[in-house]
$ cat entry33.txt   # compact mmCIF, N, CA and C atoms
# COMPACT_ATOMS: atom_id res chain seq x y z
N MET A 633 0.84 -1.18 0.00
CA MET A 633 0.00 0.00 0.00
C MET A 633 0.89 1.24 0.00
N LYS A 634 0.59 2.19 -0.88
CA LYS A 634 1.38 3.41 -1.00
C LYS A 634 1.02 4.40 0.11
N HIS A 635 2.04 5.13 0.55
CA HIS A 635 1.81 6.18 1.53
C HIS A 635 1.00 7.30 0.89
N ALA A 636 0.13 7.94 1.67
CA ALA A 636 -0.73 9.02 1.16
C ALA A 636 0.07 10.15 0.54
N ASN A 637 1.25 10.45 1.07
CA ASN A 637 2.05 11.55 0.51
C ASN A 637 2.66 11.16 -0.84
N ALA A 638 2.93 9.87 -1.04
CA ALA A 638 3.38 9.41 -2.36
C ALA A 638 2.23 9.51 -3.36
N VAL A 639 1.05 9.15 -2.94
CA VAL A 639 -0.13 9.25 -3.80
C VAL A 639 -0.39 10.70 -4.18
N LEU A 640 -0.21 11.62 -3.23
CA LEU A 640 -0.37 13.05 -3.51
C LEU A 640 0.54 13.48 -4.65
N LEU A 641 1.82 13.14 -4.58
CA LEU A 641 2.74 13.55 -5.64
C LEU A 641 2.42 12.87 -6.97
N GLU A 642 2.04 11.62 -6.93
CA GLU A 642 1.64 10.94 -8.17
C GLU A 642 0.45 11.65 -8.81
N ARG A 643 -0.51 12.04 -7.97
CA ARG A 643 -1.69 12.74 -8.48
C ARG A 643 -1.32 14.09 -9.07
N LEU A 644 -0.43 14.83 -8.40
CA LEU A 644 -0.03 16.15 -8.90
C LEU A 644 0.74 16.03 -10.22
N PHE A 645 1.63 15.07 -10.32
CA PHE A 645 2.35 14.88 -11.58
C PHE A 645 1.38 14.51 -12.70
N GLY A 646 0.40 13.69 -12.41
CA GLY A 646 -0.59 13.31 -13.41
C GLY A 646 -1.44 14.48 -13.86
N ALA A 647 -1.67 15.43 -12.97
CA ALA A 647 -2.52 16.58 -13.27
C ALA A 647 -1.77 17.73 -13.93
N PHE A 648 -0.45 17.78 -13.79
CA PHE A 648 0.33 18.89 -14.33
C PHE A 648 0.11 19.04 -15.83
N GLY A 649 -0.25 20.23 -16.24
CA GLY A 649 -0.49 20.51 -17.66
C GLY A 649 -1.85 20.03 -18.15
N GLN A 650 -2.59 19.35 -17.30
CA GLN A 650 -3.89 18.79 -17.68
C GLN A 650 -5.04 19.37 -16.86
N ASP A 651 -4.83 19.48 -15.55
CA ASP A 651 -5.91 19.86 -14.64
C ASP A 651 -5.37 20.83 -13.58
N PRO A 652 -5.35 22.14 -13.90
CA PRO A 652 -4.79 23.12 -12.98
C PRO A 652 -5.49 23.16 -11.62
N MET A 653 -6.77 22.87 -11.59
CA MET A 653 -7.49 22.89 -10.31
C MET A 653 -7.02 21.76 -9.41
N ALA A 654 -6.74 20.60 -9.98
CA ALA A 654 -6.22 19.49 -9.18
C ALA A 654 -4.84 19.83 -8.63
N VAL A 655 -4.03 20.49 -9.43
CA VAL A 655 -2.72 20.93 -8.94
C VAL A 655 -2.89 21.94 -7.81
N ALA A 656 -3.77 22.90 -8.00
CA ALA A 656 -4.01 23.93 -6.98
C ALA A 656 -4.45 23.31 -5.66
N ARG A 657 -5.31 22.31 -5.72
CA ARG A 657 -5.80 21.66 -4.49
C ARG A 657 -4.68 20.95 -3.73
N GLY A 658 -3.60 20.59 -4.41
CA GLY A 658 -2.52 19.87 -3.77
C GLY A 658 -1.42 20.74 -3.20
N ILE A 659 -1.59 22.07 -3.30
CA ILE A 659 -0.57 23.00 -2.82
C ILE A 659 -1.16 23.84 -1.70
N ALA A 660 -0.47 23.91 -0.57
CA ALA A 660 -0.93 24.73 0.55
C ALA A 660 -0.96 26.20 0.16
N GLU A 661 -1.88 26.93 0.72
CA GLU A 661 -2.04 28.35 0.40
C GLU A 661 -0.77 29.14 0.66
N ASP A 662 -0.03 28.78 1.71
CA ASP A 662 1.18 29.51 2.10
C ASP A 662 2.46 28.76 1.72
N ALA A 663 2.38 27.88 0.75
CA ALA A 663 3.53 27.06 0.35
C ALA A 663 4.67 27.91 -0.21
N VAL A 664 5.86 27.32 -0.20
CA VAL A 664 7.05 27.92 -0.80
C VAL A 664 7.64 26.89 -1.75
N TRP A 665 8.06 27.36 -2.94
CA TRP A 665 8.65 26.48 -3.96
C TRP A 665 9.95 27.14 -4.41
N ARG A 666 11.06 26.41 -4.31
CA ARG A 666 12.37 26.96 -4.65
C ARG A 666 12.96 26.23 -5.85
N VAL A 667 13.54 27.02 -6.75
CA VAL A 667 14.29 26.48 -7.89
C VAL A 667 15.62 27.19 -7.88
N GLY A 668 16.70 26.45 -7.66
CA GLY A 668 18.02 27.06 -7.57
C GLY A 668 18.59 27.47 -8.92
N GLY A 669 19.72 28.12 -8.87
CA GLY A 669 20.42 28.50 -10.08
C GLY A 669 20.11 29.91 -10.54
N ALA A 670 20.45 30.17 -11.80
CA ALA A 670 20.28 31.52 -12.36
C ALA A 670 19.54 31.48 -13.69
N SER A 671 18.66 30.51 -13.87
CA SER A 671 17.91 30.39 -15.12
C SER A 671 16.66 31.26 -15.07
N ALA A 672 15.93 31.28 -16.17
CA ALA A 672 14.68 32.05 -16.23
C ALA A 672 13.67 31.54 -15.21
N MET A 673 13.76 30.29 -14.80
CA MET A 673 12.79 29.71 -13.87
C MET A 673 13.28 29.69 -12.43
N SER A 674 14.53 30.07 -12.20
CA SER A 674 15.08 30.05 -10.84
C SER A 674 14.40 31.09 -9.98
N GLY A 675 14.32 30.78 -8.71
CA GLY A 675 13.75 31.73 -7.77
C GLY A 675 13.02 31.04 -6.64
N GLU A 676 12.46 31.84 -5.78
CA GLU A 676 11.65 31.35 -4.68
C GLU A 676 10.24 31.89 -4.88
N TYR A 677 9.29 30.98 -4.97
CA TYR A 677 7.90 31.33 -5.24
C TYR A 677 7.11 31.10 -3.96
N ARG A 678 6.40 32.14 -3.50
CA ARG A 678 5.71 32.08 -2.23
C ARG A 678 4.21 32.18 -2.42
N GLY A 679 3.51 31.24 -1.83
CA GLY A 679 2.06 31.22 -1.90
C GLY A 679 1.56 30.44 -3.10
N ARG A 680 0.39 29.84 -2.94
CA ARG A 680 -0.19 29.00 -3.99
C ARG A 680 -0.32 29.73 -5.32
N ASP A 681 -0.81 30.97 -5.30
CA ASP A 681 -1.03 31.70 -6.56
C ASP A 681 0.27 31.93 -7.31
N GLU A 682 1.31 32.33 -6.59
CA GLU A 682 2.61 32.58 -7.24
C GLU A 682 3.20 31.27 -7.77
N ILE A 683 3.04 30.20 -7.03
CA ILE A 683 3.54 28.90 -7.47
C ILE A 683 2.80 28.44 -8.72
N LEU A 684 1.50 28.62 -8.74
CA LEU A 684 0.73 28.23 -9.93
C LEU A 684 1.13 29.06 -11.15
N ARG A 685 1.41 30.35 -10.95
CA ARG A 685 1.89 31.17 -12.07
C ARG A 685 3.23 30.65 -12.58
N PHE A 686 4.13 30.29 -11.65
CA PHE A 686 5.42 29.73 -12.02
C PHE A 686 5.25 28.44 -12.82
N LEU A 687 4.41 27.53 -12.34
CA LEU A 687 4.19 26.27 -13.06
C LEU A 687 3.59 26.51 -14.44
N ARG A 688 2.66 27.42 -14.53
CA ARG A 688 2.06 27.77 -15.83
C ARG A 688 3.11 28.36 -16.76
N GLU A 689 4.01 29.17 -16.21
CA GLU A 689 5.06 29.80 -17.00
C GLU A 689 6.01 28.77 -17.61
N THR A 690 6.22 27.64 -16.93
CA THR A 690 7.06 26.59 -17.52
C THR A 690 6.45 26.09 -18.83
N LEU A 691 5.14 26.05 -18.88
CA LEU A 691 4.46 25.63 -20.11
C LEU A 691 4.49 26.74 -21.15
N VAL A 692 4.28 27.98 -20.72
CA VAL A 692 4.26 29.11 -21.65
C VAL A 692 5.62 29.32 -22.29
N LEU A 693 6.68 29.36 -21.48
CA LEU A 693 8.02 29.61 -22.01
C LEU A 693 8.50 28.53 -22.97
N THR A 694 7.97 27.33 -22.81
CA THR A 694 8.39 26.24 -23.70
C THR A 694 7.39 26.00 -24.82
N GLY A 695 6.47 26.92 -25.01
CA GLY A 695 5.47 26.74 -26.07
C GLY A 695 4.65 25.47 -25.88
N GLY A 696 4.45 25.09 -24.62
CA GLY A 696 3.66 23.90 -24.32
C GLY A 696 4.41 22.60 -24.44
N THR A 697 5.73 22.64 -24.67
CA THR A 697 6.49 21.41 -24.86
C THR A 697 6.99 20.80 -23.54
N TYR A 698 6.95 21.56 -22.45
CA TYR A 698 7.49 21.05 -21.19
C TYR A 698 6.64 19.89 -20.68
N ARG A 699 7.30 18.78 -20.41
CA ARG A 699 6.63 17.59 -19.90
C ARG A 699 7.46 17.00 -18.77
N THR A 700 6.76 16.37 -17.84
CA THR A 700 7.44 15.65 -16.77
C THR A 700 6.98 14.20 -16.80
N GLU A 701 7.92 13.33 -16.49
CA GLU A 701 7.61 11.90 -16.41
C GLU A 701 8.12 11.41 -15.07
N LEU A 702 7.19 11.10 -14.19
CA LEU A 702 7.53 10.67 -12.84
C LEU A 702 8.21 9.30 -12.89
N THR A 703 9.38 9.21 -12.25
CA THR A 703 10.12 7.95 -12.18
C THR A 703 9.73 7.18 -10.93
N TYR A 704 9.82 7.85 -9.76
CA TYR A 704 9.38 7.23 -8.52
C TYR A 704 9.19 8.28 -7.43
N VAL A 705 8.50 7.86 -6.38
CA VAL A 705 8.26 8.71 -5.22
C VAL A 705 8.52 7.88 -3.97
N VAL A 706 9.17 8.49 -3.01
CA VAL A 706 9.28 7.91 -1.67
C VAL A 706 8.68 8.92 -0.70
N ALA A 707 8.04 8.42 0.36
CA ALA A 707 7.35 9.34 1.25
C ALA A 707 7.20 8.75 2.65
N ASP A 708 7.08 9.66 3.60
CA ASP A 708 6.69 9.28 4.95
C ASP A 708 5.61 10.26 5.41
N ASP A 709 5.37 10.36 6.70
CA ASP A 709 4.28 11.19 7.20
C ASP A 709 4.50 12.69 7.03
N GLU A 710 5.74 13.12 6.85
CA GLU A 710 6.03 14.56 6.75
C GLU A 710 6.68 14.97 5.43
N ARG A 711 7.30 14.05 4.74
CA ARG A 711 8.09 14.41 3.56
C ARG A 711 7.81 13.46 2.40
N ALA A 712 8.14 13.96 1.22
CA ALA A 712 8.08 13.13 0.02
C ALA A 712 9.17 13.61 -0.93
N VAL A 713 9.73 12.68 -1.67
CA VAL A 713 10.72 12.99 -2.70
C VAL A 713 10.25 12.36 -3.99
N ALA A 714 10.15 13.19 -5.02
CA ALA A 714 9.77 12.71 -6.35
C ALA A 714 10.97 12.85 -7.27
N VAL A 715 11.31 11.79 -7.98
CA VAL A 715 12.35 11.83 -8.99
C VAL A 715 11.64 11.72 -10.33
N TYR A 716 12.00 12.62 -11.25
CA TYR A 716 11.30 12.67 -12.52
C TYR A 716 12.21 13.14 -13.64
N ARG A 717 11.75 12.90 -14.86
CA ARG A 717 12.45 13.37 -16.06
C ARG A 717 11.72 14.60 -16.56
N ALA A 718 12.46 15.67 -16.83
CA ALA A 718 11.89 16.91 -17.36
C ALA A 718 12.37 17.09 -18.79
N ARG A 719 11.41 17.37 -19.68
CA ARG A 719 11.75 17.57 -21.10
C ARG A 719 10.99 18.78 -21.63
N GLY A 720 11.65 19.52 -22.52
CA GLY A 720 10.99 20.64 -23.17
C GLY A 720 11.96 21.40 -24.05
N GLU A 721 11.42 22.38 -24.78
CA GLU A 721 12.23 23.20 -25.67
C GLU A 721 11.87 24.67 -25.45
N ARG A 722 12.91 25.52 -25.55
CA ARG A 722 12.69 26.97 -25.44
C ARG A 722 13.80 27.68 -26.17
N ASP A 723 13.43 28.58 -27.05
CA ASP A 723 14.40 29.41 -27.78
C ASP A 723 15.51 28.57 -28.43
N GLY A 724 15.14 27.45 -29.04
CA GLY A 724 16.11 26.61 -29.72
C GLY A 724 16.94 25.72 -28.81
N ARG A 725 16.68 25.77 -27.52
CA ARG A 725 17.41 24.91 -26.57
C ARG A 725 16.48 23.81 -26.09
N THR A 726 17.07 22.67 -25.79
CA THR A 726 16.30 21.52 -25.31
C THR A 726 16.75 21.17 -23.91
N ILE A 727 15.76 20.83 -23.08
CA ILE A 727 16.07 20.31 -21.75
C ILE A 727 15.58 18.87 -21.71
N ASP A 728 16.40 18.00 -21.18
CA ASP A 728 16.06 16.59 -21.01
C ASP A 728 16.93 16.09 -19.87
N ILE A 729 16.45 16.30 -18.66
CA ILE A 729 17.25 15.98 -17.48
C ILE A 729 16.39 15.33 -16.40
N ASP A 730 17.07 14.64 -15.50
CA ASP A 730 16.42 14.12 -14.31
C ASP A 730 16.49 15.18 -13.22
N GLN A 731 15.41 15.26 -12.46
CA GLN A 731 15.35 16.21 -11.35
C GLN A 731 14.68 15.54 -10.16
N ALA A 732 14.78 16.18 -9.01
CA ALA A 732 14.09 15.71 -7.82
C ALA A 732 13.35 16.87 -7.18
N LEU A 733 12.21 16.58 -6.61
CA LEU A 733 11.49 17.54 -5.78
C LEU A 733 11.55 17.02 -4.35
N PHE A 734 12.11 17.82 -3.47
CA PHE A 734 12.15 17.50 -2.05
C PHE A 734 11.02 18.28 -1.40
N CYS A 735 10.07 17.56 -0.84
CA CYS A 735 8.82 18.20 -0.39
C CYS A 735 8.55 17.96 1.09
N ILE A 736 8.02 18.98 1.72
CA ILE A 736 7.42 18.85 3.04
C ILE A 736 5.92 18.91 2.82
N VAL A 737 5.22 17.94 3.38
CA VAL A 737 3.78 17.85 3.20
C VAL A 737 3.10 18.15 4.53
N ARG A 738 2.09 19.00 4.45
CA ARG A 738 1.32 19.37 5.64
C ARG A 738 -0.17 19.27 5.31
N GLU A 739 -0.88 18.47 6.10
CA GLU A 739 -2.33 18.32 5.93
C GLU A 739 -2.72 17.93 4.50
N GLY A 740 -1.93 17.04 3.90
CA GLY A 740 -2.25 16.52 2.59
C GLY A 740 -1.95 17.45 1.43
N ARG A 741 -1.14 18.50 1.68
CA ARG A 741 -0.78 19.45 0.62
C ARG A 741 0.72 19.73 0.69
N LEU A 742 1.28 20.10 -0.47
CA LEU A 742 2.68 20.50 -0.49
C LEU A 742 2.82 21.83 0.23
N ALA A 743 3.72 21.87 1.21
CA ALA A 743 3.94 23.09 1.98
C ALA A 743 5.28 23.73 1.65
N ASP A 744 6.25 22.92 1.27
CA ASP A 744 7.59 23.41 0.97
C ASP A 744 8.20 22.48 -0.06
N VAL A 745 8.68 23.05 -1.17
CA VAL A 745 9.24 22.24 -2.26
C VAL A 745 10.57 22.85 -2.69
N THR A 746 11.57 22.02 -2.83
CA THR A 746 12.84 22.44 -3.40
C THR A 746 13.13 21.54 -4.60
N ALA A 747 13.27 22.15 -5.76
CA ALA A 747 13.57 21.43 -7.00
C ALA A 747 15.08 21.39 -7.20
N VAL A 748 15.60 20.21 -7.49
CA VAL A 748 17.03 20.03 -7.66
C VAL A 748 17.30 19.21 -8.93
N PRO A 749 17.93 19.83 -9.94
CA PRO A 749 18.30 19.05 -11.13
C PRO A 749 19.50 18.17 -10.81
N PHE A 750 19.54 16.99 -11.39
CA PHE A 750 20.68 16.10 -11.18
C PHE A 750 21.92 16.65 -11.88
N ASP A 751 21.73 17.40 -12.96
CA ASP A 751 22.83 18.00 -13.71
C ASP A 751 22.59 19.50 -13.76
N ALA A 752 23.12 20.21 -12.76
CA ALA A 752 22.87 21.65 -12.64
C ALA A 752 23.38 22.43 -13.85
N ALA A 753 24.52 22.04 -14.39
CA ALA A 753 25.07 22.77 -15.55
C ALA A 753 24.15 22.63 -16.76
N ALA A 754 23.65 21.43 -17.02
CA ALA A 754 22.73 21.24 -18.15
C ALA A 754 21.44 22.01 -17.94
N PHE A 755 20.97 22.09 -16.70
CA PHE A 755 19.75 22.83 -16.39
C PHE A 755 19.96 24.31 -16.67
N GLU A 756 21.10 24.87 -16.27
CA GLU A 756 21.38 26.29 -16.48
C GLU A 756 21.43 26.62 -17.96
N VAL A 757 22.03 25.76 -18.77
CA VAL A 757 22.16 26.01 -20.20
C VAL A 757 20.79 25.93 -20.88
N ALA A 758 19.99 24.94 -20.50
CA ALA A 758 18.71 24.71 -21.18
C ALA A 758 17.61 25.64 -20.69
N ALA A 759 17.58 25.93 -19.42
CA ALA A 759 16.49 26.71 -18.85
C ALA A 759 16.81 28.15 -18.97
$ encode --input "entry33.txt" --output "structure tokens"
Amino acid sequence: MKHANAVLLERLFGAFGQDPMAVARGIAEDAVWRVGGASAMSGEYRGRDEILRFLRETLVLTGGTYRTELTYVVADDERAVAVYRARGERDGRTIDIDQALFCIVREGRLADVTAVPFDAAAFEVAA
């Protein structure tokens, strides 16, 4: 039987780019989402609305080509880690890298997320 926090991340990955309301329901109102580096998507996004704008922008900047493919999730009562493949194109550049989301889950919603690419240099060049 899968942990509820693993199911949460699986559901959010399945909804990304398909069902924005399902994504919104899985993010705490006061959540924080961090993306390191110095790319167009790097930064700290605070609050559900700002995070949703950031996620939508990943689709807009890539002309709708950005896709994620969940590889696996591990979770316990407070945390979850999702490993996934990110693919997309922007301004003639292609991204195709593995990344991880390190998440703190509170009351069945993402409360704190840190995105970490496995290859930071490739992420900087592509993003």
$ closest_atom_pairs --input "entry33.txt" --of "range 677-750 of chain A" --to "range 669-672 of chain A" --cutoff "10 Å" --atoms "only C-alpha atoms" --output "tab-separated table"
residue	atom	partner	partner_atom	distance
A:Glu689	CA	A:Ala672	CA	9.9
A:Thr690	CA	A:Ala672	CA	9.5
A:Leu693	CA	A:Ala672	CA	9.1
A:Val748	CA	A:Gly669	CA	9.4
A:Pro749	CA	A:Gly669	CA	9.7
$ select_by_dssp --input "entry33.txt" --residues "chain A" --states "strand (DSSP E)" --output "PyMOL selection string"
chain A and resi 659-667+675-678+699-707+711-722+725-738+741-749
$ closest_residue --input "entry33.txt" --among "A:Gly649, A:Val715, A:Ala707, A:Arg725" --to "Leu687 in chain A" --atoms "all atoms listed in the file"
A:Gly649
$ closest_residue --input "entry33.txt" --among "A:Phe750, A:Ala660, A:Phe648, A:Trp665" --to "Arg699 in chain A" --atoms "only N, CA and C atoms"
A:Phe648
$ residues_around --input "entry33.txt" --residues "Val713 in chain A" --least-positions-apart "3" --cutoff "7 Å" --atoms "all atoms listed in the file" --output "JSON, numbers by chain"
{"A": [704, 705, 706, 707, 708, 732, 733, 734, 735]}
$ atom_distance --input "entry33.txt" --atom1 "CA of Ala753 in chain A" --atom2 "CA of Thr726 in chain A"
13.2 Å
$ closest_residue --input "entry33.txt" --among "A:Arg685, A:Arg711, A:Arg717, A:Arg666" --to "Asp730 in chain A" --atoms "all atoms listed in the file"
A:Arg717
$ residues_around --input "entry33.txt" --residues "Ala636 in chain A" --least-positions-apart "3" --cutoff "8 Å" --atoms "all atoms listed in the file" --output "PDB file with N, CA and C atoms, keeping the file's coordinate frame"
ATOM      1  N   MET A 633       0.840  -1.180   0.000  1.00  0.00           N
ATOM      2  CA  MET A 633       0.000   0.000   0.000  1.00  0.00           C
ATOM      3  C   MET A 633       0.890   1.240   0.000  1.00  0.00           C
ATOM      4  N   VAL A 639       1.050   9.150  -2.940  1.00  0.00           N
ATOM      5  CA  VAL A 639      -0.130   9.250  -3.800  1.00  0.00           C
ATOM      6  C   VAL A 639      -0.390  10.700  -4.180  1.00  0.00           C
ATOM      7  N   LEU A 640      -0.210  11.620  -3.230  1.00  0.00           N
ATOM      8  CA  LEU A 640      -0.370  13.050  -3.510  1.00  0.00           C
ATOM      9  C   LEU A 640       0.540  13.480  -4.650  1.00  0.00           C
ATOM     10  N   LEU A 641       1.820  13.140  -4.580  1.00  0.00           N
ATOM     11  CA  LEU A 641       2.740  13.550  -5.640  1.00  0.00           C
ATOM     12  C   LEU A 641       2.420  12.870  -6.970  1.00  0.00           C
ATOM     13  N   GLU A 642       2.040  11.620  -6.930  1.00  0.00           N
ATOM     14  CA  GLU A 642       1.640  10.940  -8.170  1.00  0.00           C
ATOM     15  C   GLU A 642       0.450  11.650  -8.810  1.00  0.00           C
ATOM     16  N   ALA A 707       8.040   8.420   0.360  1.00  0.00           N
ATOM     17  CA  ALA A 707       7.350   9.340   1.250  1.00  0.00           C
ATOM     18  C   ALA A 707       7.200   8.750   2.650  1.00  0.00           C
ATOM     19  N   ASP A 708       7.080   9.660   3.600  1.00  0.00           N
ATOM     20  CA  ASP A 708       6.690   9.280   4.950  1.00  0.00           C
ATOM     21  C   ASP A 708       5.610  10.260   5.410  1.00  0.00           C
ATOM     22  N   ASP A 709       5.370  10.360   6.700  1.00  0.00           N
ATOM     23  CA  ASP A 709       4.280  11.190   7.200  1.00  0.00           C
ATOM     24  C   ASP A 709       4.500  12.690   7.030  1.00  0.00           C
ATOM     25  N   GLY A 740      -1.930  17.040   3.900  1.00  0.00           N
ATOM     26  CA  GLY A 740      -2.250  16.520   2.590  1.00  0.00           C
ATOM     27  C   GLY A 740      -1.950  17.450   1.430  1.00  0.00           C
TER      28      GLY A 740
END
$ atom_distance --input "entry33.txt" --atom1 "CA of Gly668 in chain A" --atom2 "atom N of Gln731 in chain A"
13.0 Å
$ residues_around --input "entry33.txt" --residues "Glu739 in chain A" --least-positions-apart "2" --cutoff "10 Å" --atoms "only C-alpha atoms" --output "list in words"
Asn637, Gly658, Ala660, Asp709, Glu710, Val737, Arg741, Leu742 and Ala743 of chain A
$ select_by_dssp --input "entry33.txt" --residues "chain A" --states "helix (DSSP H, G or I)" --output "JSON, numbers by chain"
{"A": [636, 637, 638, 639, 640, 641, 642, 643, 644, 645, 646, 647, 652, 653, 654, 655, 656, 657, 680, 681, 682, 683, 684, 685, 686, 687, 688, 689, 690, 691, 692, 693, 752, 753, 754, 755, 756, 757, 758]}
$ write_last_selection --input "entry33.txt" --atoms "N, CA and C atoms" --output "short mmCIF file (atom, residue, chain, number, x, y, z; two decimals), in the frame of the given file"
data_model
loop_
_atom_site.label_atom_id
_atom_site.label_comp_id
_atom_site.auth_asym_id
_atom_site.auth_seq_id
_atom_site.Cartn_x
_atom_site.Cartn_y
_atom_site.Cartn_z
N ALA A 636 0.13 7.94 1.67
CA ALA A 636 -0.73 9.02 1.16
C ALA A 636 0.07 10.15 0.54
N ASN A 637 1.25 10.45 1.07
CA ASN A 637 2.05 11.55 0.51
C ASN A 637 2.66 11.16 -0.84
N ALA A 638 2.93 9.87 -1.04
CA ALA A 638 3.38 9.41 -2.36
C ALA A 638 2.23 9.51 -3.36
N VAL A 639 1.05 9.15 -2.94
CA VAL A 639 -0.13 9.25 -3.80
C VAL A 639 -0.39 10.70 -4.18
N LEU A 640 -0.21 11.62 -3.23
CA LEU A 640 -0.37 13.05 -3.51
C LEU A 640 0.54 13.48 -4.65
N LEU A 641 1.82 13.14 -4.58
CA LEU A 641 2.74 13.55 -5.64
C LEU A 641 2.42 12.87 -6.97
N GLU A 642 2.04 11.62 -6.93
CA GLU A 642 1.64 10.94 -8.17
C GLU A 642 0.45 11.65 -8.81
N ARG A 643 -0.51 12.04 -7.97
CA ARG A 643 -1.69 12.74 -8.48
C ARG A 643 -1.32 14.09 -9.07
N LEU A 644 -0.43 14.83 -8.40
CA LEU A 644 -0.03 16.15 -8.90
C LEU A 644 0.74 16.03 -10.22
N PHE A 645 1.63 15.07 -10.32
CA PHE A 645 2.35 14.88 -11.58
C PHE A 645 1.38 14.51 -12.70
N GLY A 646 0.40 13.69 -12.41
CA GLY A 646 -0.59 13.31 -13.41
C GLY A 646 -1.44 14.48 -13.86
N ALA A 647 -1.67 15.43 -12.97
CA ALA A 647 -2.52 16.58 -13.27
C ALA A 647 -1.77 17.73 -13.93
N PRO A 652 -5.35 22.14 -13.90
CA PRO A 652 -4.79 23.12 -12.98
C PRO A 652 -5.49 23.16 -11.62
N MET A 653 -6.77 22.87 -11.59
CA MET A 653 -7.49 22.89 -10.31
C MET A 653 -7.02 21.76 -9.41
N ALA A 654 -6.74 20.60 -9.98
CA ALA A 654 -6.22 19.49 -9.18
C ALA A 654 -4.84 19.83 -8.63
N VAL A 655 -4.03 20.49 -9.43
CA VAL A 655 -2.72 20.93 -8.94
C VAL A 655 -2.89 21.94 -7.81
N ALA A 656 -3.77 22.90 -8.00
CA ALA A 656 -4.01 23.93 -6.98
C ALA A 656 -4.45 23.31 -5.66
N ARG A 657 -5.31 22.31 -5.72
CA ARG A 657 -5.80 21.66 -4.49
C ARG A 657 -4.68 20.95 -3.73
N ARG A 680 0.39 29.84 -2.94
CA ARG A 680 -0.19 29.00 -3.99
C ARG A 680 -0.32 29.73 -5.32
N ASP A 681 -0.81 30.97 -5.30
CA ASP A 681 -1.03 31.70 -6.56
C ASP A 681 0.27 31.93 -7.31
N GLU A 682 1.31 32.33 -6.59
CA GLU A 682 2.61 32.58 -7.24
C GLU A 682 3.20 31.27 -7.77
N ILE A 683 3.04 30.20 -7.03
CA ILE A 683 3.54 28.90 -7.47
C ILE A 683 2.80 28.44 -8.72
N LEU A 684 1.50 28.62 -8.74
CA LEU A 684 0.73 28.23 -9.93
C LEU A 684 1.13 29.06 -11.15
N ARG A 685 1.41 30.35 -10.95
CA ARG A 685 1.89 31.17 -12.07
C ARG A 685 3.23 30.65 -12.58
N PHE A 686 4.13 30.29 -11.65
CA PHE A 686 5.42 29.73 -12.02
C PHE A 686 5.25 28.44 -12.82
N LEU A 687 4.41 27.53 -12.34
CA LEU A 687 4.19 26.27 -13.06
C LEU A 687 3.59 26.51 -14.44
N ARG A 688 2.66 27.42 -14.53
CA ARG A 688 2.06 27.77 -15.83
C ARG A 688 3.11 28.36 -16.76
N GLU A 689 4.01 29.17 -16.21
CA GLU A 689 5.06 29.80 -17.00
C GLU A 689 6.01 28.77 -17.61
N THR A 690 6.22 27.64 -16.93
CA THR A 690 7.06 26.59 -17.52
C THR A 690 6.45 26.09 -18.83
N LEU A 691 5.14 26.05 -18.88
CA LEU A 691 4.46 25.63 -20.11
C LEU A 691 4.49 26.74 -21.15
N VAL A 692 4.28 27.98 -20.72
CA VAL A 692 4.26 29.11 -21.65
C VAL A 692 5.62 29.32 -22.29
N LEU A 693 6.68 29.36 -21.48
CA LEU A 693 8.02 29.61 -22.01
C LEU A 693 8.50 28.53 -22.97
N ALA A 752 23.12 20.21 -12.76
CA ALA A 752 22.87 21.65 -12.64
C ALA A 752 23.38 22.43 -13.85
N ALA A 753 24.52 22.04 -14.39
CA ALA A 753 25.07 22.77 -15.55
C ALA A 753 24.15 22.63 -16.76
N ALA A 754 23.65 21.43 -17.02
CA ALA A 754 22.73 21.24 -18.15
C ALA A 754 21.44 22.01 -17.94
N PHE A 755 20.97 22.09 -16.70
CA PHE A 755 19.75 22.83 -16.39
C PHE A 755 19.96 24.31 -16.67
N GLU A 756 21.10 24.87 -16.27
CA GLU A 756 21.38 26.29 -16.48
C GLU A 756 21.43 26.62 -17.96
N VAL A 757 22.03 25.76 -18.77
CA VAL A 757 22.16 26.01 -20.20
C VAL A 757 20.79 25.93 -20.88
N ALA A 758 19.99 24.94 -20.50
CA ALA A 758 18.71 24.71 -21.18
C ALA A 758 17.61 25.64 -20.69
#
$ atom_distance --input "entry33.txt" --atom1 "atom C of Ala663 in chain A" --atom2 "CA of Asp723 in chain A"
29.3 Å
$ closest_residue --input "entry33.txt" --among "A:Phe686, A:Arg738, A:Ala654, A:Val745" --to "Met673 in chain A" --atoms "all atoms listed in the file"
A:Phe686
$ residues_near_point --input "entry33.txt" --point "(0.6, 27.3, -2.5)" --cutoff "6 Å" --atoms "only N, CA and C atoms" --output "list in words"
Ile659, Ala660, Glu661, Asp662, Ala663, Val664, Gly679, Arg680, Asp681 and Ile683 of chain A
$ write_last_selection --input "entry33.txt" --atoms "N, CA and C atoms" --output "short mmCIF file (atom, residue, chain, number, x, y, z; two decimals), in the coordinates of the input"
data_model
loop_
_atom_site.label_atom_id
_atom_site.label_comp_id
_atom_site.auth_asym_id
_atom_site.auth_seq_id
_atom_site.Cartn_x
_atom_site.Cartn_y
_atom_site.Cartn_z
N ILE A 659 -1.59 22.07 -3.30
CA ILE A 659 -0.57 23.00 -2.82
C ILE A 659 -1.16 23.84 -1.70
N ALA A 660 -0.47 23.91 -0.57
CA ALA A 660 -0.93 24.73 0.55
C ALA A 660 -0.96 26.20 0.16
N GLU A 661 -1.88 26.93 0.72
CA GLU A 661 -2.04 28.35 0.40
C GLU A 661 -0.77 29.14 0.66
N ASP A 662 -0.03 28.78 1.71
CA ASP A 662 1.18 29.51 2.10
C ASP A 662 2.46 28.76 1.72
N ALA A 663 2.38 27.88 0.75
CA ALA A 663 3.53 27.06 0.35
C ALA A 663 4.67 27.91 -0.21
N VAL A 664 5.86 27.32 -0.20
CA VAL A 664 7.05 27.92 -0.80
C VAL A 664 7.64 26.89 -1.75
N GLY A 679 3.51 31.24 -1.83
CA GLY A 679 2.06 31.22 -1.90
C GLY A 679 1.56 30.44 -3.10
N ARG A 680 0.39 29.84 -2.94
CA ARG A 680 -0.19 29.00 -3.99
C ARG A 680 -0.32 29.73 -5.32
N ASP A 681 -0.81 30.97 -5.30
CA ASP A 681 -1.03 31.70 -6.56
C ASP A 681 0.27 31.93 -7.31
N ILE A 683 3.04 30.20 -7.03
CA ILE A 683 3.54 28.90 -7.47
C ILE A 683 2.80 28.44 -8.72
#
